[in-house]
Structures are given as structure tokens and as C-alpha cells.
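File shown: input-v8.pdb (PDB, C-alpha atoms, pLDDT in the B column).
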```
ATOM      1  CA  MET A   1      -1.744   1.121  43.885  1.00 69.00           C
ATOM      2  CA  ILE A   2      -2.660   4.532  42.497  1.00 71.00           C
ATOM      3  CA  ASN A   3      -5.039   5.171  45.408  1.00 71.00           C
ATOM      4  CA  ILE A   4      -2.293   4.198  47.887  1.00 71.00           C
ATOM      5  CA  PHE A   5       0.150   6.571  46.207  1.00 72.00           C
ATOM      6  CA  LEU A   6      -2.305   9.461  45.993  1.00 71.00           C
ATOM      7  CA  ASN A   7      -3.347   8.978  49.612  1.00 71.00           C
ATOM      8  CA  SER A   8       0.278   9.288  50.614  1.00 72.00           C
ATOM      9  CA  ALA A   9       1.108  12.142  48.252  1.00 73.00           C
ATOM     10  CA  TYR A  10      -1.882  14.399  48.800  1.00 71.00           C
ATOM     11  CA  GLY A  11      -4.224  12.667  51.157  1.00 71.00           C
ATOM     12  CA  GLY A  12      -6.850  11.808  48.597  1.00 69.00           C
ATOM     13  CA  GLU A  13      -8.180   9.136  46.325  1.00 72.00           C
ATOM     14  CA  ALA A  14      -7.732   8.846  42.562  1.00 72.00           C
ATOM     15  CA  ARG A  15     -11.294  10.085  41.997  1.00 76.00           C
ATOM     16  CA  ASP A  16     -10.390  13.377  43.718  1.00 75.00           C
ATOM     17  CA  ALA A  17      -7.220  14.126  41.743  1.00 76.00           C
ATOM     18  CA  SER A  18      -6.622  15.692  38.369  1.00 79.00           C
ATOM     19  CA  ALA A  19      -5.037  13.113  36.047  1.00 83.00           C
ATOM     20  CA  LEU A  20      -2.921  15.831  34.411  1.00 86.00           C
ATOM     21  CA  PHE A  21      -1.649  17.107  37.786  1.00 81.00           C
ATOM     22  CA  SER A  22      -0.902  13.546  38.910  1.00 82.00           C
ATOM     23  CA  LEU A  23       1.092  12.814  35.753  1.00 86.00           C
ATOM     24  CA  TRP A  24       3.012  16.068  36.204  1.00 87.00           C
ATOM     25  CA  TYR A  25       3.646  15.167  39.858  1.00 85.00           C
ATOM     26  CA  VAL A  26       5.111  11.784  38.893  1.00 87.00           C
ATOM     27  CA  SER A  27       7.242  13.445  36.215  1.00 90.00           C
ATOM     28  CA  THR A  28       8.851  15.648  38.897  1.00 89.00           C
ATOM     29  CA  PHE A  29      10.444  12.510  40.376  1.00 88.00           C
ATOM     30  CA  GLY A  30      12.822  12.598  37.437  1.00 89.00           C
ATOM     31  CA  ASP A  31      15.834  14.677  36.580  1.00 86.00           C
ATOM     32  CA  GLU A  32      17.874  15.540  33.473  1.00 90.00           C
ATOM     33  CA  ILE A  33      18.968  11.904  33.074  1.00 90.00           C
ATOM     34  CA  HIS A  34      16.232   9.758  34.639  1.00 87.00           C
ATOM     35  CA  PRO A  35      12.521  10.030  33.794  1.00 91.00           C
ATOM     36  CA  GLY A  36      10.074  10.438  36.639  1.00 90.00           C
ATOM     37  CA  THR A  37       8.485   7.158  37.640  1.00 89.00           C
ATOM     38  CA  MET A  38       6.395   5.881  40.543  1.00 83.00           C
ATOM     39  CA  GLU A  39       9.357   3.729  41.600  1.00 83.00           C
ATOM     40  CA  ARG A  40      11.639   6.786  41.862  1.00 85.00           C
ATOM     41  CA  GLY A  41       8.952   8.648  43.818  1.00 81.00           C
ATOM     42  CA  THR A  42       8.277   5.933  46.342  1.00 76.00           C
ATOM     43  CA  GLY A  43      11.597   4.084  46.408  1.00 74.00           C
ATOM     44  CA  THR A  44      13.407   3.693  49.699  1.00 67.00           C
ATOM     45  CA  TYR A  45      16.767   2.988  48.048  1.00 73.00           C
ATOM     46  CA  GLY A  46      17.802   5.514  45.423  1.00 75.00           C
ATOM     47  CA  GLY A  47      14.314   7.051  45.404  1.00 75.00           C
ATOM     48  CA  ALA A  48      12.498   9.933  47.048  1.00 73.00           C
ATOM     49  CA  GLN A  49      12.254   8.145  50.396  1.00 69.00           C
ATOM     50  CA  ASP A  50      15.993   7.345  50.502  1.00 72.00           C
ATOM     51  CA  SER A  51      17.441  10.530  51.972  1.00 74.00           C
ATOM     52  CA  ARG A  52      16.587  12.631  54.989  1.00 73.00           C
ATOM     53  CA  PHE A  53      17.778  15.944  56.361  1.00 79.00           C
ATOM     54  CA  VAL A  54      20.268  15.385  59.171  1.00 79.00           C
ATOM     55  CA  GLY A  55      18.571  17.092  62.105  1.00 77.00           C
ATOM     56  CA  GLY A  56      15.124  16.973  60.466  1.00 77.00           C
ATOM     57  CA  SER A  57      13.451  18.840  57.607  1.00 80.00           C
ATOM     58  CA  GLN A  58      12.136  21.499  59.989  1.00 83.00           C
ATOM     59  CA  LEU A  59      15.649  22.989  59.744  1.00 88.00           C
ATOM     60  CA  VAL A  60      14.657  24.357  56.320  1.00 89.00           C
ATOM     61  CA  ALA A  61      12.328  26.745  58.176  1.00 87.00           C
ATOM     62  CA  THR A  62      13.969  27.149  61.598  1.00 89.00           C
ATOM     63  CA  ARG A  63      17.478  28.122  60.422  1.00 92.00           C
ATOM     64  CA  PRO A  64      16.384  31.026  58.201  1.00 91.00           C
ATOM     65  CA  ALA A  65      13.892  32.098  60.904  1.00 90.00           C
ATOM     66  CA  LYS A  66      16.741  32.265  63.414  1.00 92.00           C
ATOM     67  CA  GLU A  67      18.819  34.378  61.016  1.00 93.00           C
ATOM     68  CA  LEU A  68      15.879  36.757  60.633  1.00 90.00           C
ATOM     69  CA  ASP A  69      16.291  37.537  64.340  1.00 89.00           C
ATOM     70  CA  GLY A  70      12.735  37.989  65.577  1.00 84.00           C
ATOM     71  CA  ARG A  71      11.212  39.068  62.270  1.00 84.00           C
ATOM     72  CA  VAL A  72       9.267  35.805  61.882  1.00 86.00           C
ATOM     73  CA  HIS A  73       5.852  35.960  63.535  1.00 87.00           C
ATOM     74  CA  LEU A  74       3.998  32.764  64.340  1.00 87.00           C
ATOM     75  CA  SER A  75       0.269  32.462  65.023  1.00 89.00           C
ATOM     76  CA  ALA A  76      -0.338  35.683  63.108  1.00 92.00           C
ATOM     77  CA  PRO A  77      -2.445  34.867  60.028  1.00 94.00           C
ATOM     78  CA  VAL A  78      -2.109  37.160  57.033  1.00 96.00           C
ATOM     79  CA  ARG A  79      -5.485  38.774  56.365  1.00 97.00           C
ATOM     80  CA  ARG A  80      -4.731  41.036  53.393  1.00 98.00           C
ATOM     81  CA  ILE A  81      -2.061  41.507  50.746  1.00 98.00           C
ATOM     82  CA  SER A  82      -2.164  44.743  48.740  1.00 98.00           C
ATOM     83  CA  GLN A  83       0.125  45.481  45.828  1.00 97.00           C
ATOM     84  CA  ASP A  84       0.787  48.855  44.220  1.00 97.00           C
ATOM     85  CA  ALA A  85       3.489  50.396  42.028  1.00 96.00           C
ATOM     86  CA  ALA A  86       5.799  50.866  45.039  1.00 95.00           C
ATOM     87  CA  GLY A  87       5.551  47.330  46.449  1.00 97.00           C
ATOM     88  CA  VAL A  88       3.422  45.155  48.674  1.00 97.00           C
ATOM     89  CA  THR A  89       1.670  45.673  52.008  1.00 98.00           C
ATOM     90  CA  VAL A  90       0.953  42.617  54.153  1.00 97.00           C
ATOM     91  CA  VAL A  91      -1.636  42.950  56.931  1.00 98.00           C
ATOM     92  CA  SER A  92      -1.630  40.281  59.643  1.00 95.00           C
ATOM     93  CA  ASP A  93      -2.794  39.797  63.203  1.00 93.00           C
ATOM     94  CA  ALA A  94       0.726  40.789  64.334  1.00 91.00           C
ATOM     95  CA  GLY A  95       0.944  44.017  62.337  1.00 93.00           C
ATOM     96  CA  ASP A  96       1.472  45.464  58.869  1.00 95.00           C
ATOM     97  CA  TRP A  97       4.611  45.253  56.743  1.00 94.00           C
ATOM     98  CA  ARG A  98       5.827  46.830  53.501  1.00 96.00           C
ATOM     99  CA  ALA A  99       8.092  44.962  51.081  1.00 94.00           C
ATOM    100  CA  VAL A 100       9.184  44.935  47.471  1.00 95.00           C
ATOM    101  CA  ARG A 101       8.000  41.325  47.041  1.00 93.00           C
ATOM    102  CA  VAL A 102       6.113  38.693  49.014  1.00 92.00           C
ATOM    103  CA  ILE A 103       6.267  34.920  48.805  1.00 88.00           C
ATOM    104  CA  VAL A 104       3.032  33.220  49.833  1.00 90.00           C
ATOM    105  CA  ALA A 105       3.797  29.639  50.892  1.00 86.00           C
ATOM    106  CA  VAL A 106       0.565  28.314  52.366  1.00 86.00           C
ATOM    107  CA  PRO A 107      -1.915  25.671  51.203  1.00 81.00           C
ATOM    108  CA  PRO A 108      -4.273  26.889  48.457  1.00 82.00           C
ATOM    109  CA  LEU A 109      -7.316  26.869  50.750  1.00 81.00           C
ATOM    110  CA  LEU A 110      -5.593  29.261  53.187  1.00 87.00           C
ATOM    111  CA  ALA A 111      -4.397  31.469  50.302  1.00 89.00           C
ATOM    112  CA  SER A 112      -8.024  31.736  49.163  1.00 89.00           C
ATOM    113  CA  ARG A 113      -8.919  33.271  52.540  1.00 91.00           C
ATOM    114  CA  ILE A 114      -6.505  36.187  52.115  1.00 95.00           C
ATOM    115  CA  VAL A 115      -8.029  39.420  50.794  1.00 97.00           C
ATOM    116  CA  TRP A 116      -6.054  40.262  47.658  1.00 96.00           C
ATOM    117  CA  ASP A 117      -5.791  43.801  46.295  1.00 97.00           C
ATOM    118  CA  PRO A 118      -5.840  43.847  43.370  1.00 96.00           C
ATOM    119  CA  LEU A 119      -7.881  40.664  43.088  1.00 95.00           C
ATOM    120  CA  LEU A 120      -6.138  37.538  41.883  1.00 92.00           C
ATOM    121  CA  PRO A 121      -6.761  36.525  38.278  1.00 93.00           C
ATOM    122  CA  PRO A 122     -10.076  34.621  38.151  1.00 92.00           C
ATOM    123  CA  GLN A 123      -8.406  31.339  37.161  1.00 92.00           C
ATOM    124  CA  GLN A 124      -6.029  31.506  40.150  1.00 89.00           C
ATOM    125  CA  ASP A 125      -8.861  32.352  42.518  1.00 86.00           C
ATOM    126  CA  GLN A 126     -10.960  29.444  41.221  1.00 86.00           C
ATOM    127  CA  LEU A 127      -7.994  27.070  41.559  1.00 83.00           C
ATOM    128  CA  PHE A 128      -7.449  28.112  45.181  1.00 81.00           C
ATOM    129  CA  GLN A 129     -11.109  27.505  45.988  1.00 78.00           C
ATOM    130  CA  ARG A 130     -11.473  24.182  44.190  1.00 76.00           C
ATOM    131  CA  LEU A 131      -8.118  22.444  44.619  1.00 73.00           C
ATOM    132  CA  SER A 132      -8.871  19.714  47.095  1.00 66.00           C
ATOM    133  CA  PHE A 133      -6.282  18.262  49.404  1.00 65.00           C
ATOM    134  CA  GLY A 134      -6.933  15.605  51.953  1.00 66.00           C
ATOM    135  CA  THR A 135      -5.862  15.391  55.544  1.00 67.00           C
ATOM    136  CA  LEU A 136      -2.422  14.014  56.300  1.00 69.00           C
ATOM    137  CA  MET A 137      -0.431  13.474  59.461  1.00 69.00           C
ATOM    138  CA  LYS A 138       3.087  12.160  59.847  1.00 70.00           C
ATOM    139  CA  CYS A 139       4.320  10.307  62.914  1.00 71.00           C
ATOM    140  CA  VAL A 140       7.871   9.132  63.514  1.00 71.00           C
ATOM    141  CA  ALA A 141       8.684   6.002  65.522  1.00 73.00           C
ATOM    142  CA  VAL A 142      12.250   5.631  66.809  1.00 72.00           C
ATOM    143  CA  TYR A 143      13.826   2.233  67.423  1.00 78.00           C
ATOM    144  CA  ASN A 144      17.194   1.479  69.029  1.00 80.00           C
ATOM    145  CA  THR A 145      18.013  -0.905  66.161  1.00 83.00           C
ATOM    146  CA  SER A 146      16.713  -1.083  62.603  1.00 84.00           C
ATOM    147  CA  PHE A 147      15.980  -4.796  63.121  1.00 87.00           C
ATOM    148  CA  TRP A 148      14.290  -5.177  59.716  1.00 87.00           C
ATOM    149  CA  ARG A 149      17.510  -4.373  57.833  1.00 85.00           C
ATOM    150  CA  ALA A 150      19.267  -7.527  59.103  1.00 87.00           C
ATOM    151  CA  GLU A 151      16.552  -9.520  57.333  1.00 89.00           C
ATOM    152  CA  GLY A 152      16.970  -7.561  54.089  1.00 87.00           C
ATOM    153  CA  LEU A 153      13.687  -5.677  54.522  1.00 86.00           C
ATOM    154  CA  SER A 154      13.127  -2.046  53.522  1.00 79.00           C
ATOM    155  CA  GLY A 155      11.021  -0.937  56.470  1.00 80.00           C
ATOM    156  CA  MET A 156       8.301   0.202  54.049  1.00 76.00           C
ATOM    157  CA  GLY A 157       4.746  -0.994  54.524  1.00 77.00           C
ATOM    158  CA  LEU A 158       1.403  -0.261  52.900  1.00 73.00           C
ATOM    159  CA  LEU A 159      -1.779  -0.942  54.855  1.00 71.00           C
ATOM    160  CA  ARG A 160      -5.366  -0.910  53.685  1.00 69.00           C
ATOM    161  CA  GLY A 161      -8.662  -2.314  54.916  1.00 71.00           C
ATOM    162  CA  GLY A 162      -9.723   0.573  57.114  1.00 72.00           C
ATOM    163  CA  SER A 163      -6.434   1.015  58.970  1.00 74.00           C
ATOM    164  CA  PRO A 164      -5.825   4.654  59.955  1.00 72.00           C
ATOM    165  CA  ILE A 165      -2.147   4.017  59.123  1.00 73.00           C
ATOM    166  CA  ARG A 166      -1.749   3.964  55.361  1.00 72.00           C
ATOM    167  CA  GLU A 167       2.007   3.598  54.873  1.00 76.00           C
ATOM    168  CA  MET A 168       5.331   3.445  56.675  1.00 76.00           C
ATOM    169  CA  PHE A 169       8.874   4.302  55.611  1.00 74.00           C
ATOM    170  CA  ASP A 170      12.219   3.615  57.239  1.00 74.00           C
ATOM    171  CA  ASN A 171      13.214   6.998  58.636  1.00 70.00           C
ATOM    172  CA  SER A 172      16.199   5.713  60.595  1.00 71.00           C
ATOM    173  CA  PRO A 173      19.457   7.670  60.756  1.00 66.00           C
ATOM    174  CA  PRO A 174      21.824   7.269  57.784  1.00 58.00           C
ATOM    175  CA  ARG A 175      23.397   3.850  57.321  1.00 56.00           C
TER     176      ARG A 175
END
```
Could you rewrite the structure in this file as C-alpha cells?
Amino acid sequence: MINIFLNSAYGGEARDASALFSLWYVSTFGDEIHPGTMERGTGTYGGAQDSRFVGGSQLVATRPAKELDGRVHLSAPVRRISQDAAGVTVVSDAGDWRAVRVIVAVPPLLASRIVWDPLLPPQQDQLFQRLSFGTLMKCVAVYNTSFWRAEGLSGMGLLRGGSPIREMFDNSPPR
């Protein structure tokens, strides 16, 4: 079960994951009242897989990008980030920008490919280079009727035995 969970969560196997990170990850499924548990993290009713963004989670990125009115540049990898007393300079394939602060929200492997000035602390640099993540892909199937619900089923499935599909969740519109 742990391998199934880790494959879903970060595309790896238990042997590839830090036990401490995995315990922390499970603890984040909790809140001020409820402790984090595997059931809360994988649950389709009252758990992490219960709710969806109406319109899709891509809205978290596309709505702010629209408000930024052309200031978001796609297909323009950041090559260098330099910080000095006055702020930060970001150099990308689409140009250079100055800012007071920068948020870097990319996978660790991609962050390790950015030239940092000054250099990142050695521990951060080593983490970026060694933190392994697997390969994941999400596909969404749309059905006219959630036929499994009439039979009291959750729509969740776990597959093993060499199947390229590892798990499924009911991603139907709200009930």
C-alpha cells in the first residue's frame, strides 16, 4: 500500500523516498483538529480527493496570469537569478527583469539548472540535485453518468501488475 501511495504522490517507490519526508507529507493531510492520516490523504469522501476546483485547477494559474495582462511569459526558461542589496534580476530567454522579490515555483531539478548569484547554500543546492521525483501523468475521462455511484462505489481504483495505469479517482462534477 505504501508503494501505491508513493507512486501516486510523487511517482516513486518506497525505496526512493525519505521516510522523514513521507511522514511529514502524510502529516500535512491534517489540520488543527484532525491528524494527518493516509485515509484523509487518499479519501474520496471527506478526504483530499473529495473536492475539485469548479472549472479546473488550472484556474489557479490562468486567472492571475490574465490579470497580469501580458506580463507572464511562457516557453521562456529562467537561466539566471542574481540578488543584490537593491533586489533581484531574473534573466530568461524572453528578457531580463528586476524585482524586489522572486518566487521560484519549479521542480527541484529545474531549479538546480538555474545559475544562482550568489550561490545557493550548499545544503539547498545538494537537495535540488539529489531530490528524486518520478514521472507522473494525469488523464481525465468524462462520462455522461457516474454509473458507479448508483451501485454505492467510489470510482477509485488501484491497479498493479505492470499496468501503466496505477490509480483512478472519481473526478466527476459536484454531486
Selection: 9 Å around A:Gly36, only C-alpha atoms, excl. self and same-chain fewer than 4 positions, as a list of chain:residue names:
A:Tyr25, A:Val26, A:Ser27, A:Thr28, A:Phe29, A:Gly30, A:Asp31, A:Arg40, A:Gly41
At a cut-off of 12 Å, using only C-alpha atoms, what residues contact stretch 125-130 of chain A? Leave out same-chain residues fewer than 6 positions from it and give the result as a PyMOL selection string.
chain A and resi 16-18+106-116+118-119
Selection result for the PyMOL selection byres ((chain A and resi 42-51) around 8) on this file, as a PyMOL selection string:
chain A and resi 29+38-41+52-53+154+156+169-170+174
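Shortest separation to A:Pro77 among A:Ile103, A:Leu120, A:Val90, A:Met168 occurs at residue A:Val90, atoms counted being all atoms listed in the file.
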Atom pair atom CA of A:His34 / atom CA of A:Ala9: separation (Å)
20.5 Å
How far is it from atom CA of A:Val104 to atom CA of A:Arg63, in Å with one decimal?
18.6 Å
Once the PyMOL selection byres ((chain A and resi 166) around 10) has been applied to the shown file, what residues remain in the selection, as a ChimeraX atom specification?
/A:4-5,7-8,11,157-165,167-168
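Counting only C-alpha atoms and comparing A:Ala76, A:Val60, A:Ala65, A:Asn171, the residue that lies closest to A:Val91 is A:Ala76.
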